[in-house]
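Quick look at coords.cif (mmCIF, C-alpha atoms):
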data_query
loop_
_atom_site.label_atom_id
_atom_site.label_comp_id
_atom_site.auth_asym_id
_atom_site.auth_seq_id
_atom_site.Cartn_x
_atom_site.Cartn_y
_atom_site.Cartn_z
CA MET A 1 65.03 2.03 -152.69
CA ALA A 2 66.03 4.61 -150.12
CA LYS A 3 69.58 5.84 -150.43
CA GLN A 4 72.15 3.93 -148.39
CA ARG A 5 74.05 5.92 -145.81
CA VAL A 6 77.46 5.72 -144.25
CA ILE A 7 77.22 5.59 -140.47
CA THR A 8 80.25 5.87 -138.20
CA ALA A 9 80.02 4.56 -134.65
CA SER A 10 82.36 3.20 -132.02
CA ILE A 11 81.69 -0.52 -131.70
CA ASN A 12 83.39 -2.27 -128.78
CA GLY A 13 85.94 0.53 -128.61
CA THR A 14 86.83 0.57 -132.32
CA SER A 15 85.54 3.21 -134.73
CA ARG A 16 83.64 1.48 -137.54
CA SER A 17 81.99 2.95 -140.63
CA PHE A 18 79.32 0.95 -142.37
CA LEU A 19 76.80 1.30 -145.17
CA CYS A 20 73.17 0.72 -144.28
CA GLU A 21 69.62 1.39 -145.43
CA PRO A 22 67.33 3.51 -143.22
CA ARG A 23 65.05 0.50 -142.75
CA GLN A 24 67.78 -1.68 -141.20
CA THR A 25 67.71 -2.05 -137.45
CA MET A 26 70.95 -1.94 -135.46
CA LEU A 27 70.39 -5.64 -134.78
CA GLU A 28 70.36 -6.42 -138.51
CA VAL A 29 73.46 -4.31 -139.15
CA LEU A 30 75.40 -5.91 -136.28
CA ARG A 31 74.59 -9.42 -137.45
CA ASP A 32 74.39 -9.08 -141.25
CA ASN A 33 76.76 -6.23 -142.10
CA LEU A 34 79.34 -6.40 -139.31
CA ASP A 35 79.35 -10.17 -138.63
CA LEU A 36 78.82 -9.56 -134.91
CA THR A 37 76.42 -12.49 -134.48
CA GLY A 38 76.75 -12.72 -130.69
CA THR A 39 73.75 -10.39 -130.40
CA LYS A 40 70.70 -12.61 -130.90
CA GLU A 41 67.34 -12.03 -132.56
CA GLY A 42 64.45 -13.27 -130.44
CA CYS A 43 61.03 -11.67 -130.76
CA SER A 44 62.03 -8.64 -132.87
CA ASN A 45 59.40 -6.53 -131.14
CA GLY A 46 61.11 -5.35 -127.98
CA ASN A 47 59.71 -7.92 -125.56
CA CYS A 48 62.40 -10.57 -125.07
CA GLY A 49 65.67 -8.64 -124.62
CA ALA A 50 67.81 -11.21 -126.54
CA CYS A 51 69.23 -8.42 -128.73
CA THR A 52 70.20 -6.12 -125.82
CA ILE A 53 73.29 -3.97 -126.43
CA LEU A 54 74.67 -0.91 -124.65
CA LEU A 55 74.11 2.31 -126.63
CA ASN A 56 76.08 5.19 -125.09
CA GLY A 57 76.12 3.10 -121.91
CA ALA A 58 72.37 2.47 -121.75
CA ALA A 59 70.90 -1.02 -122.19
CA VAL A 60 68.59 -0.98 -125.22
CA VAL A 61 66.98 -3.55 -127.50
CA SER A 62 68.76 -3.29 -130.85
CA CYS A 63 65.71 -4.60 -132.76
CA MET A 64 63.87 -1.35 -131.96
CA ILE A 65 66.61 1.04 -133.07
CA LEU A 66 67.43 2.02 -136.64
CA ALA A 67 71.13 1.81 -137.47
CA VAL A 68 70.92 5.35 -138.94
CA GLU A 69 70.01 6.60 -135.44
CA CYS A 70 73.43 5.43 -134.21
CA GLU A 71 75.64 7.99 -136.01
CA GLY A 72 78.43 8.96 -133.60
CA ALA A 73 77.22 6.54 -130.91
CA GLU A 74 79.25 4.28 -128.64
CA ILE A 75 78.00 0.73 -128.89
CA GLU A 76 79.00 -2.26 -126.81
CA THR A 77 77.94 -5.78 -127.74
CA ILE A 78 78.57 -9.16 -126.12
CA GLU A 79 81.74 -9.45 -128.24
CA GLY A 80 83.20 -6.53 -126.28
CA VAL A 81 82.66 -7.97 -122.80
CA ALA A 82 85.58 -10.44 -122.62
CA ASP A 83 89.11 -9.07 -122.86
CA LYS A 84 92.31 -10.61 -124.25
CA ASP A 85 92.87 -12.46 -120.97
CA GLY A 86 89.61 -14.37 -121.25
CA LEU A 87 86.03 -14.15 -120.05
CA ALA A 88 84.91 -11.27 -117.84
CA PRO A 89 83.96 -12.14 -114.21
CA LEU A 90 80.30 -11.62 -115.14
CA GLN A 91 80.53 -14.20 -117.93
CA ASN A 92 82.31 -16.65 -115.61
CA ALA A 93 79.54 -16.17 -113.05
CA PHE A 94 76.97 -17.29 -115.64
CA LEU A 95 79.12 -20.36 -116.47
CA GLU A 96 79.80 -21.33 -112.85
CA ASN A 97 76.14 -21.00 -111.89
CA ALA A 98 74.93 -22.90 -114.98
CA ALA A 99 72.75 -19.89 -115.76
CA LEU A 100 72.15 -20.94 -119.34
CA GLN A 101 70.93 -23.88 -121.33
CA CYS A 102 70.32 -23.14 -125.01
CA GLY A 103 72.15 -19.83 -124.64
CA ILE A 104 70.07 -17.66 -126.97
CA CYS A 105 69.03 -15.29 -124.16
CA THR A 106 72.49 -15.19 -122.53
CA PRO A 107 74.18 -12.35 -124.48
CA GLY A 108 71.14 -10.15 -123.77
CA PHE A 109 71.11 -11.08 -120.08
CA ILE A 110 74.82 -10.34 -119.77
CA MET A 111 74.50 -6.91 -121.41
CA SER A 112 71.50 -6.02 -119.22
CA THR A 113 73.31 -7.27 -116.12
CA LYS A 114 76.35 -5.16 -117.00
CA ALA A 115 74.17 -2.03 -117.01
CA LEU A 116 72.30 -3.15 -113.88
CA LEU A 117 75.47 -3.78 -111.83
CA ARG A 118 76.99 -0.49 -112.95
CA ASP A 119 73.96 1.38 -111.55
CA HIS A 120 73.32 -0.98 -108.58
CA PRO A 121 76.63 -2.57 -107.54
CA ASN A 122 74.97 -4.42 -104.63
CA PRO A 123 71.47 -5.18 -105.86
CA THR A 124 68.81 -6.94 -103.80
CA GLU A 125 67.11 -9.96 -105.35
CA ALA A 126 64.06 -7.77 -106.02
CA GLU A 127 66.23 -5.16 -107.78
CA ILE A 128 67.77 -7.88 -109.95
CA ARG A 129 64.39 -9.36 -110.90
CA PHE A 130 62.90 -5.92 -111.59
CA GLY A 131 66.02 -4.77 -113.48
CA LEU A 132 66.10 -7.86 -115.70
CA ALA A 133 62.34 -7.92 -116.35
CA GLY A 134 63.04 -6.97 -119.97
CA ASN A 135 64.94 -10.22 -120.62
CA LEU A 136 63.18 -13.55 -121.11
CA CYS A 137 64.66 -17.06 -120.73
CA ARG A 138 62.67 -20.10 -121.88
CA CYS A 139 65.06 -22.85 -120.72
CA THR A 140 66.57 -22.70 -117.26
CA GLY A 141 64.07 -20.51 -115.55
CA TYR A 142 65.33 -17.48 -113.74
CA ASP A 143 66.70 -18.65 -110.40
CA LYS A 144 70.10 -19.68 -111.75
CA ILE A 145 70.39 -16.40 -113.62
CA ILE A 146 69.59 -14.45 -110.44
CA CYS A 147 72.23 -16.52 -108.57
CA ALA A 148 74.79 -15.74 -111.29
CA VAL A 149 74.08 -12.02 -111.04
CA GLN A 150 74.34 -12.14 -107.22
CA SER A 151 77.62 -14.02 -107.49
CA ALA A 152 78.97 -11.51 -110.06
CA ALA A 153 77.95 -8.64 -107.76
CA ARG A 154 79.83 -10.23 -104.85
CA ASN A 155 82.98 -10.77 -106.93
CA GLU A 156 83.15 -7.42 -108.70
CA MET B 1 61.11 -4.10 -143.02
CA ARG B 2 59.40 -1.80 -145.53
CA ASP B 3 61.65 0.69 -147.34
CA PHE B 4 61.57 4.32 -146.19
CA GLU B 5 63.67 7.48 -146.26
CA TYR B 6 65.10 8.93 -143.02
CA GLU B 7 65.33 12.63 -142.15
CA VAL B 8 66.92 14.22 -139.06
CA PRO B 9 65.79 17.84 -138.66
CA THR B 10 67.50 19.96 -136.01
CA THR B 11 64.78 22.61 -135.61
CA ILE B 12 61.02 22.50 -135.08
CA ALA B 13 60.48 24.60 -138.22
CA GLU B 14 62.49 22.16 -140.31
CA ALA B 15 60.59 19.17 -138.88
CA VAL B 16 57.23 20.81 -139.62
CA GLN B 17 58.37 21.67 -143.16
CA ILE B 18 59.44 18.06 -143.84
CA LEU B 19 56.18 16.65 -142.44
CA SER B 20 54.11 19.18 -144.47
CA SER B 21 55.92 18.45 -147.73
CA HIS B 22 55.15 14.72 -147.51
CA LYS B 23 51.41 15.24 -147.00
CA GLY B 24 50.73 12.47 -144.50
CA ARG B 25 53.35 10.03 -145.86
CA ALA B 26 55.92 10.95 -143.17
CA LYS B 27 55.87 9.81 -139.54
CA PRO B 28 57.74 11.36 -136.61
CA LEU B 29 60.16 9.12 -134.69
CA ALA B 30 61.04 9.58 -131.02
CA GLY B 31 62.02 6.46 -129.02
CA GLY B 32 60.78 4.16 -131.78
CA THR B 33 59.49 1.48 -129.39
CA ASP B 34 56.05 1.67 -131.01
CA LEU B 35 56.83 3.12 -134.46
CA ILE B 36 59.50 0.63 -135.51
CA ASP B 37 57.31 -2.29 -134.48
CA TYR B 38 54.32 -0.79 -136.34
CA ILE B 39 56.36 -0.39 -139.54
CA ARG B 40 57.76 -3.90 -139.28
CA THR B 41 54.31 -5.44 -138.84
CA GLY B 42 52.71 -3.29 -141.57
CA ARG B 43 50.35 -1.42 -139.25
CA LEU B 44 51.99 1.82 -140.49
CA SER B 45 53.69 2.29 -143.87
CA PRO B 46 55.36 5.72 -144.00
CA ASP B 47 57.58 6.73 -146.94
CA VAL B 48 59.67 8.92 -144.64
CA VAL B 49 60.62 8.59 -140.96
CA VAL B 50 61.43 11.94 -139.35
CA ASP B 51 63.70 11.55 -136.32
CA LEU B 52 62.90 14.32 -133.82
CA LYS B 53 65.67 13.51 -131.32
CA GLN B 54 68.12 16.15 -132.58
CA ILE B 55 65.69 19.02 -131.88
CA SER B 56 66.78 20.63 -128.61
CA GLU B 57 63.28 21.77 -127.50
CA LEU B 58 62.06 18.16 -127.62
CA LYS B 59 64.97 16.90 -125.51
CA THR B 60 64.73 19.63 -122.86
CA LEU B 61 63.66 18.78 -119.33
CA VAL B 62 63.08 21.79 -117.06
CA VAL B 63 62.48 20.86 -113.43
CA THR B 64 62.31 23.01 -110.34
CA GLU B 65 60.45 22.37 -107.07
CA THR B 66 57.36 23.99 -108.56
CA GLN B 67 57.72 23.75 -112.32
CA LEU B 68 57.98 20.87 -114.82
CA LYS B 69 58.30 21.23 -118.59
CA LEU B 70 58.92 17.97 -120.36
CA GLY B 71 60.25 17.88 -123.93
CA ALA B 72 58.27 15.34 -125.95
CA ALA B 73 61.38 13.23 -126.69
CA VAL B 74 62.68 13.01 -123.09
CA THR B 75 63.01 9.32 -122.18
CA CYS B 76 61.27 7.52 -119.33
CA GLN B 77 64.71 6.79 -117.86
CA GLN B 78 65.57 10.51 -117.64
CA ILE B 79 62.35 10.98 -115.64
CA ASN B 80 62.99 7.95 -113.41
CA ASN B 81 66.43 9.25 -112.46
CA HIS B 82 65.11 12.65 -111.42
CA THR B 83 64.67 12.96 -107.64
CA THR B 84 62.73 16.25 -107.89
CA ILE B 85 60.17 14.72 -110.29
CA LYS B 86 59.87 11.70 -107.99
CA LYS B 87 59.17 13.97 -105.01
CA TYR B 88 56.87 16.61 -106.50
CA PHE B 89 55.38 14.94 -109.60
CA SER B 90 55.33 11.39 -108.21
CA ALA B 91 52.56 10.04 -110.46
CA LEU B 92 54.71 10.68 -113.53
CA SER B 93 57.73 8.81 -112.16
CA ASP B 94 55.43 6.01 -110.89
CA ALA B 95 54.19 5.57 -114.50
CA CYS B 96 57.55 5.93 -116.27
CA SER B 97 59.22 3.38 -113.99
CA ILE B 98 56.79 0.63 -115.08
CA ILE B 99 56.55 1.28 -118.84
CA GLY B 100 58.33 -1.79 -120.27
CA GLY B 101 61.65 -2.92 -118.82
CA MET B 102 64.99 -1.12 -118.52
CA GLN B 103 65.73 -1.37 -122.26
CA ILE B 104 62.39 0.18 -123.26
CA GLN B 105 62.62 2.92 -120.59
CA ASN B 106 66.02 3.93 -122.00
CA ARG B 107 64.37 4.72 -125.37
CA ALA B 108 60.62 5.24 -124.86
CA THR B 109 59.32 8.77 -124.33
CA VAL B 110 56.25 10.20 -122.61
CA GLY B 111 55.55 12.26 -125.75
CA GLY B 112 55.60 9.09 -127.82
CA ASN B 113 53.31 7.32 -125.35
CA LEU B 114 50.83 10.19 -125.76
CA CYS B 115 51.10 10.23 -129.57
CA THR B 116 50.57 6.45 -129.85
CA SER B 117 47.35 7.21 -127.94
CA GLY B 118 46.65 3.74 -126.60
CA ALA B 119 43.63 3.34 -124.33
CA ALA B 120 45.93 1.67 -121.76
CA ALA B 121 48.90 4.09 -122.06
CA ASP B 122 50.47 4.21 -118.59
CA SER B 123 51.52 7.85 -118.76
CA MET B 124 48.04 9.19 -119.55
CA PRO B 125 46.22 8.79 -116.19
CA ALA B 126 49.29 10.28 -114.46
CA LEU B 127 49.40 13.23 -116.86
CA ILE B 128 45.66 13.83 -116.40
CA ALA B 129 46.06 13.73 -112.60
CA LEU B 130 48.93 16.22 -112.79
CA ASN B 131 46.83 18.55 -114.99
CA ALA B 132 49.35 18.48 -117.84
CA SER B 133 48.90 20.29 -121.13
CA CYS B 134 50.35 19.70 -124.60
CA GLU B 135 52.24 22.22 -126.71
CA ILE B 136 51.78 21.46 -130.39
CA HIS B 137 53.63 23.16 -133.26
CA GLY B 138 52.59 23.14 -136.90
CA PRO B 139 52.35 25.24 -140.05
CA ARG B 140 49.34 27.11 -138.58
CA GLY B 141 51.19 28.07 -135.40
CA ILE B 142 51.36 26.89 -131.80
CA GLU B 143 48.43 25.28 -129.95
CA HIS B 144 48.03 24.39 -126.29
CA LEU B 145 45.48 21.91 -125.03
CA ARG B 146 44.80 19.80 -121.99
CA VAL B 147 46.21 16.31 -122.09
CA GLU B 148 42.75 14.71 -121.72
CA ASP B 149 41.65 16.52 -124.90
CA PHE B 150 44.68 15.30 -126.89
CA VAL B 151 43.54 11.70 -127.38
CA THR B 152 40.32 11.38 -129.39
CA GLY B 153 39.93 7.60 -129.73
CA PRO B 154 41.90 4.35 -129.55
CA ALA B 155 45.20 5.14 -131.39
CA LYS B 156 43.74 8.49 -132.49
CA ASN B 157 44.61 12.04 -131.43
CA VAL B 158 44.22 15.66 -132.48
CA LEU B 159 47.57 15.89 -134.31
CA HIS B 160 47.46 16.62 -138.02
CA PRO B 161 50.17 14.85 -140.06
CA ASP B 162 52.11 18.15 -140.30
CA GLN B 163 52.03 18.90 -136.55
CA ILE B 164 54.37 17.74 -133.79
CA LEU B 165 54.00 17.50 -130.03
CA VAL B 166 56.88 19.61 -128.70
CA SER B 167 56.42 19.53 -124.93
CA ILE B 168 54.20 18.56 -122.05
CA ASN B 169 53.77 21.29 -119.46
CA PHE B 170 52.58 20.83 -115.89
CA THR B 171 50.82 23.24 -113.58
CA ASN B 172 52.98 24.34 -110.71
CA HIS B 173 53.36 22.05 -107.74
CA ILE B 174 51.69 23.55 -104.68
CA ALA B 175 52.23 22.78 -101.01
CA ARG B 176 50.49 19.73 -99.48
CA THR B 177 49.98 18.08 -102.88
CA GLY B 178 50.71 14.40 -103.50
CA SER B 179 50.17 12.18 -106.52
CA CYS B 180 50.35 8.53 -107.49
CA TYR B 181 49.87 6.16 -110.44
CA GLN B 182 49.21 2.42 -110.17
CA ARG B 183 48.00 -0.19 -112.63
CA PHE B 184 46.80 -3.76 -112.47
CA ILE B 185 48.58 -6.31 -114.68
CA PRO B 186 48.51 -10.13 -114.51
CA ARG B 187 52.33 -10.37 -114.71
CA ASN B 188 54.73 -8.67 -112.31
CA GLU B 189 56.34 -6.46 -115.00
CA MET B 190 56.40 -5.86 -118.75
CA ASP B 191 52.66 -5.95 -119.37
CA ILE B 192 49.83 -3.73 -120.59
CA ALA B 193 47.53 -2.17 -117.99
CA VAL B 194 44.20 -3.94 -117.43
CA VAL B 195 43.26 -0.87 -115.39
CA GLY B 196 45.44 2.18 -114.68
CA VAL B 197 44.64 4.96 -112.20
CA GLY B 198 46.42 8.27 -111.57
CA ALA B 199 45.46 10.69 -108.81
CA ALA B 200 46.67 13.99 -107.40
CA LEU B 201 45.35 15.48 -104.14
CA THR B 202 45.91 18.81 -102.43
CA LEU B 203 45.08 19.24 -98.73
CA ASP B 204 44.20 22.55 -97.07
CA GLU B 205 45.59 23.68 -93.71
CA GLN B 206 42.81 21.84 -91.86
CA GLY B 207 43.77 18.63 -93.69
CA LYS B 208 40.67 18.59 -95.92
CA ILE B 209 40.89 17.91 -99.64
CA SER B 210 40.90 21.26 -101.42
CA ASP B 211 41.65 19.98 -104.92
CA SER B 212 41.93 16.63 -106.66
CA ARG B 213 42.24 15.14 -110.12
CA ILE B 214 41.80 11.48 -111.03
CA GLY B 215 42.67 9.98 -114.43
CA LEU B 216 41.32 6.54 -115.39
CA GLY B 217 43.01 4.38 -118.06
CA ALA B 218 42.13 1.15 -119.92
CA VAL B 219 38.49 1.32 -118.79
CA ALA B 220 37.07 3.34 -121.73
CA PRO B 221 38.03 3.99 -125.38
CA ILE B 222 40.37 6.74 -124.14
CA PRO B 223 41.92 7.59 -120.77
CA PHE B 224 39.75 10.25 -119.13
CA TYR B 225 39.47 12.76 -116.29
CA ALA B 226 36.93 11.59 -113.67
CA ARG B 227 35.40 14.97 -112.83
CA GLU B 228 32.65 13.42 -110.68
CA ILE B 229 35.22 12.02 -108.24
CA SER B 230 36.90 15.44 -107.85
CA GLU B 231 33.49 17.01 -107.12
CA TYR B 232 32.75 14.39 -104.48
CA LEU B 233 36.18 14.70 -102.80
CA GLN B 234 36.07 18.52 -102.53
CA GLY B 235 36.09 19.50 -98.82
CA GLN B 236 36.20 15.91 -97.53
CA TYR B 237 38.77 14.50 -95.13
CA PRO B 238 41.19 12.01 -96.76
CA ILE B 239 39.95 8.92 -94.91
CA GLY B 240 39.22 5.33 -95.91
CA ASP B 241 35.41 5.60 -96.17
CA VAL B 242 35.68 8.62 -98.44
CA PHE B 243 38.18 6.90 -100.72
CA GLN B 244 36.05 3.75 -100.80
CA HIS B 245 33.08 5.80 -101.95
CA ALA B 246 35.32 7.50 -104.56
CA GLY B 247 36.08 4.01 -105.88
CA GLU B 248 32.37 3.25 -106.08
CA ILE B 249 31.83 6.43 -108.10
CA ALA B 250 34.64 5.35 -110.47
CA ARG B 251 32.77 2.09 -111.17
CA THR B 252 29.80 4.10 -112.46
CA LEU B 253 31.96 6.15 -114.86
CA VAL B 254 33.72 3.42 -116.82
CA SER B 255 32.79 1.69 -120.09
CA PRO B 256 35.43 -1.05 -120.41
CA ILE B 257 35.70 -3.80 -123.00
CA ASP B 258 35.89 -7.57 -122.58
CA ASP B 259 39.19 -8.93 -123.88
CA HIS B 260 41.83 -11.55 -123.05
CA ARG B 261 43.33 -9.22 -120.42
CA GLY B 262 40.14 -8.75 -118.44
CA THR B 263 36.37 -8.85 -118.54
CA ILE B 264 34.04 -5.87 -118.17
CA GLU B 265 33.03 -7.13 -114.71
CA PHE B 266 36.66 -7.56 -113.60
CA ARG B 267 37.81 -4.17 -114.91
CA THR B 268 34.83 -2.47 -113.26
CA HIS B 269 35.67 -4.09 -109.93
CA VAL B 270 39.40 -3.37 -110.15
CA VAL B 271 38.98 0.31 -111.03
CA GLY B 272 37.22 0.85 -107.69
CA VAL B 273 39.95 -0.95 -105.76
CA LEU B 274 42.75 0.96 -107.52
CA VAL B 275 41.08 4.37 -107.08
CA GLN B 276 40.92 3.70 -103.35
CA ARG B 277 44.57 2.56 -103.17
CA VAL B 278 45.94 5.36 -105.34
CA LEU B 279 44.06 8.05 -103.41
CA THR B 280 45.41 6.61 -100.15
CA VAL B 281 49.01 6.84 -101.39
CA ALA B 282 48.46 10.31 -102.89
CA ALA B 283 47.02 11.55 -99.57
CA SER B 284 49.93 10.20 -97.55
CA ARG B 285 52.36 11.82 -99.99
CA ALA B 286 50.40 15.09 -99.71
CA SER B 287 50.63 15.04 -95.93
CA GLY B 288 54.36 14.31 -96.16
CA SER B 289 54.14 10.95 -94.42
CA GLU B 290 55.33 9.15 -97.56
CA ASN B 291 57.45 10.39 -100.44
#
Spell out the structure here as structure tokens.
Amino acid sequence: MAKQRVITASINGTSRSFLCEPRQTMLEVLRDNLDLTGTKEGCSNGNCGACTILLNGAAVVSCMILAVECEGAEIETIEGVADKDGLAPLQNAFLENAALQCGICTPGFIMSTKALLRDHPNPTEAEIRFGLAGNLCRCTGYDKIICAVQSAARNE
Amino acid sequence: MRDFEYEVPTTIAEAVQILSSHKGRAKPLAGGTDLIDYIRTGRLSPDVVVDLKQISELKTLVVTETQLKLGAAVTCQQINNHTTIKKYFSALSDACSIIGGMQIQNRATVGGNLCTSGAAADSMPALIALNASCEIHGPRGIEHLRVEDFVTGPAKNVLHPDQILVSINFTNHIARTGSCYQRFIPRNEMDIAVVGVGAALTLDEQGKISDSRIGLGAVAPIPFYAREISEYLQGQYPIGDVFQHAGEIARTLVSPIDDHRGTIEFRTHVVGVLVQRVLTVAASRASGSEN
């Protein structure tokens, strides 16, 4: 077996060191080693976006990244979105617009939306649909999700 | 996923040495959006993964109004965000902005797209149109070759297991040149090209086409340079009838396959339509009426 390594990364603002094998993806380490199970596994081949996290501020699919590639990185997961006062406005927008049903895609959509709204604070509907093309939802369809993102953009 | 060792060289020489010492059992890693999936599904089974992202030459992007040198591990997102590339090397930013979604573009690299060597790789027709060349380093020295000579078959290329693609270099942008890449896919986004066409056109002072290059993707075992179209376009005015005839020539050059994405008949029809559309956009960009 390949030698395990110690990787140190900032996860949701806290410096964490963890042991991992080179073959473990960041998704596996988040869920299995660090108990951060808010990030979901969907397709595991980079198509569905359920495992989206922010890596040094960029939205990426954590199933396609090795944890050993994340030495020194800043990682934000869905667990880091709410603060001590409660849900973030973006999360409330998803709730108020009923933009989820089973919820498996939701953490990924919220992380992608966070990156999208940072780069396009007032996105058009087309920009939202294009920007979130890397996230799939199999329950509600997309209209409620688009409404939630529009509502979050108005309120932020 | 299969067990493997992980190495992170910081120089080209070190990367080449690691690849050489493992005699074909090591694979280079850039964005990982193909490699990690291939290891997980068993299509590739390397003993060592060699991460090239800490080598500065591979991460370097040199852009001026005339020159473009693209490190092999520069991400699609870095290209998308670059206004100078968008203006002067438009076909490349057209292609990079539709490879996967935002999450893939933040990791995937043009160098990796080339090295995966898919017949439908979106970057290839654009790179062919822009007359790009590859700089390859290995134990036997440095080699340069044209991008259309890099890919040798579906998922096959000229690289030996101990060589790495370091950069992609473009010929200088010249005045009154415009380029464009478009593809046909059944979905709106996040799909593999059924047909992909890249074109670059240069107009002379009279407004006639003085130079052109067209790259065709997903319509043959490898993306290729359509020399016959360039020969036809030489000295013509950039008008609809000429571009329509260029599309008809394209239909005679392709050898597509039938698969679930499209039939031979469909791909042959679509390549003609796309050649016409892409040339029209490239010509308007060349004349400055569209950026």
Got a sec to pull out which chain B residues are within 8 Å of chain A, counting only C-alpha atoms, and send them as an mmCIF file with C-alpha atoms, in the frame of the given file?
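Result written to selection.cif:
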data_model
loop_
_atom_site.group_PDB
_atom_site.id
_atom_site.type_symbol
_atom_site.label_atom_id
_atom_site.label_comp_id
_atom_site.auth_asym_id
_atom_site.auth_seq_id
_atom_site.Cartn_x
_atom_site.Cartn_y
_atom_site.Cartn_z
ATOM 1 C CA MET B 1 61.110 -4.100 -143.020
ATOM 2 C CA ARG B 2 59.400 -1.800 -145.530
ATOM 3 C CA ASP B 3 61.650 0.690 -147.340
ATOM 4 C CA PHE B 4 61.570 4.320 -146.190
ATOM 5 C CA GLU B 5 63.670 7.480 -146.260
ATOM 6 C CA TYR B 6 65.100 8.930 -143.020
ATOM 7 C CA GLY B 32 60.780 4.160 -131.780
ATOM 8 C CA THR B 33 59.490 1.480 -129.390
ATOM 9 C CA ILE B 36 59.500 0.630 -135.510
ATOM 10 C CA ASP B 37 57.310 -2.290 -134.480
ATOM 11 C CA GLY B 100 58.330 -1.790 -120.270
ATOM 12 C CA GLY B 101 61.650 -2.920 -118.820
ATOM 13 C CA MET B 102 64.990 -1.120 -118.520
ATOM 14 C CA GLN B 103 65.730 -1.370 -122.260
ATOM 15 C CA ILE B 104 62.390 0.180 -123.260
ATOM 16 C CA ASN B 106 66.020 3.930 -122.000
ATOM 17 C CA ARG B 107 64.370 4.720 -125.370
ATOM 18 C CA GLU B 189 56.340 -6.460 -115.000
ATOM 19 C CA MET B 190 56.400 -5.860 -118.750
#
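Minimum atom-to-atom distance to Phe243 (chain B), evaluated using all atoms listed in the file, belongs to B:Thr280 out of B:Thr109, B:Thr280, B:Thr177, B:Ser210.
This file, filtered with the PyMOL selection byres ((chain A and resi 110) around 10), gives the residues Ala50, Thr52, Ile53, Thr77, Ile78, Val81, Leu90, Gln91, Phe94, Cys105, Thr106, Pro107, Gly108, Phe109, Met111, Ser112, Thr113, Lys114, Ala115, Leu116, Leu132, Asn135, Ile145 and Val149 of chain A.
For the pair CA of Asp32 (chain A) and CA of Ile7 (chain A), the interatomic distance is 15.0 Å.
Here CA of Leu233 (chain B) is placed at a distance of 18.2 Å from CA of Val254 (chain B).
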Please put the answer as lines of an AutoDock Vina configuration file: centre and edge lengths, in Å with one decimal, of a box along x, y and z that encloses all listed atoms of region 80-92 of chain A plus 4 Å on each side.
center_x = 86.6
center_y = -11.6
center_z = -120.2
size_x = 20.6
size_y = 18.1
size_z = 20.1
For region 284-287 of chain B, please output as a ChimeraX atom specification all residues within 9 Å (counting all atoms listed in the file; exclusion window: fewer than 6 positions along the same chain). /B:87,90,175-180,200-203,207,238
Determine the residue membership of the PyMOL selection byres ((chain B and resi 44) around 12) for the file above and supply it as a PyMOL selection string. chain B and resi 1-4+24-28+34-43+45-49+116+155
Which polymer residues, protein or nucleic acid, are no farther than 10 Å from (31.7, -6.0, -115.2), counting only C-alpha atoms, as an MDAnalysis selection string? chainID B and resid 251 254:258 262:270
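Between CA of Glu143 (chain B) and CA of Gln67 (chain B) lies a distance of 20.0 Å.
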Do a neighbour search on Ala153 (chain A) at 8 Å with all atoms listed in the file, toss out local chain neighbours closer than 4 positions, and write the hits as a short mmCIF file (atom, residue, chain, number, x, y, z; two decimals) with C-alpha atoms, in the coordinates of the input.
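Output below, filename selection.cif:
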data_model
loop_
_atom_site.label_atom_id
_atom_site.label_comp_id
_atom_site.auth_asym_id
_atom_site.auth_seq_id
_atom_site.Cartn_x
_atom_site.Cartn_y
_atom_site.Cartn_z
CA LEU A 117 75.47 -3.78 -111.83
CA PRO A 121 76.63 -2.57 -107.54
CA ASN A 122 74.97 -4.42 -104.63
CA PRO A 123 71.47 -5.18 -105.86
CA VAL A 149 74.08 -12.02 -111.04
#
For this structure, which residues satisfy the selection - the PyMOL selection byres ((chain B and resi 111) around 10) - when it is evaluated on the file as given? I want them as a ChimeraX atom specification. /B:30-31,58,70-76,108-110,112-117,123,134,164-168
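Residues with any atom within 10 Å of Ala93 (chain A), counting only C-alpha atoms and excluding same-chain neighbours fewer than 2 positions away, are A:Leu87, A:Ala88, A:Pro89, A:Leu90, A:Gln91, A:Leu95, A:Glu96, A:Asn97, A:Ala98, A:Ala99, A:Ile145, A:Cys147, A:Ala148, A:Val149, A:Gln150, A:Ser151, A:Ala152, A:Ala153, A:Asn155.
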Within 10 Å of (78.4, 1.0, -130.6) in the file's own coordinates, which protein, DNA or RNA residues have an atom, counting only C-alpha atoms? List them as a list of chain:residue names. A:Thr8, A:Ala9, A:Ser10, A:Ile11, A:Asn12, A:Gly13, A:Thr14, A:Ser15, A:Arg16, A:Met26, A:Leu30, A:Ile53, A:Leu54, A:Leu55, A:Asn56, A:Gly57, A:Cys70, A:Glu71, A:Gly72, A:Ala73, A:Glu74, A:Ile75, A:Glu76, A:Thr77, A:Gly80
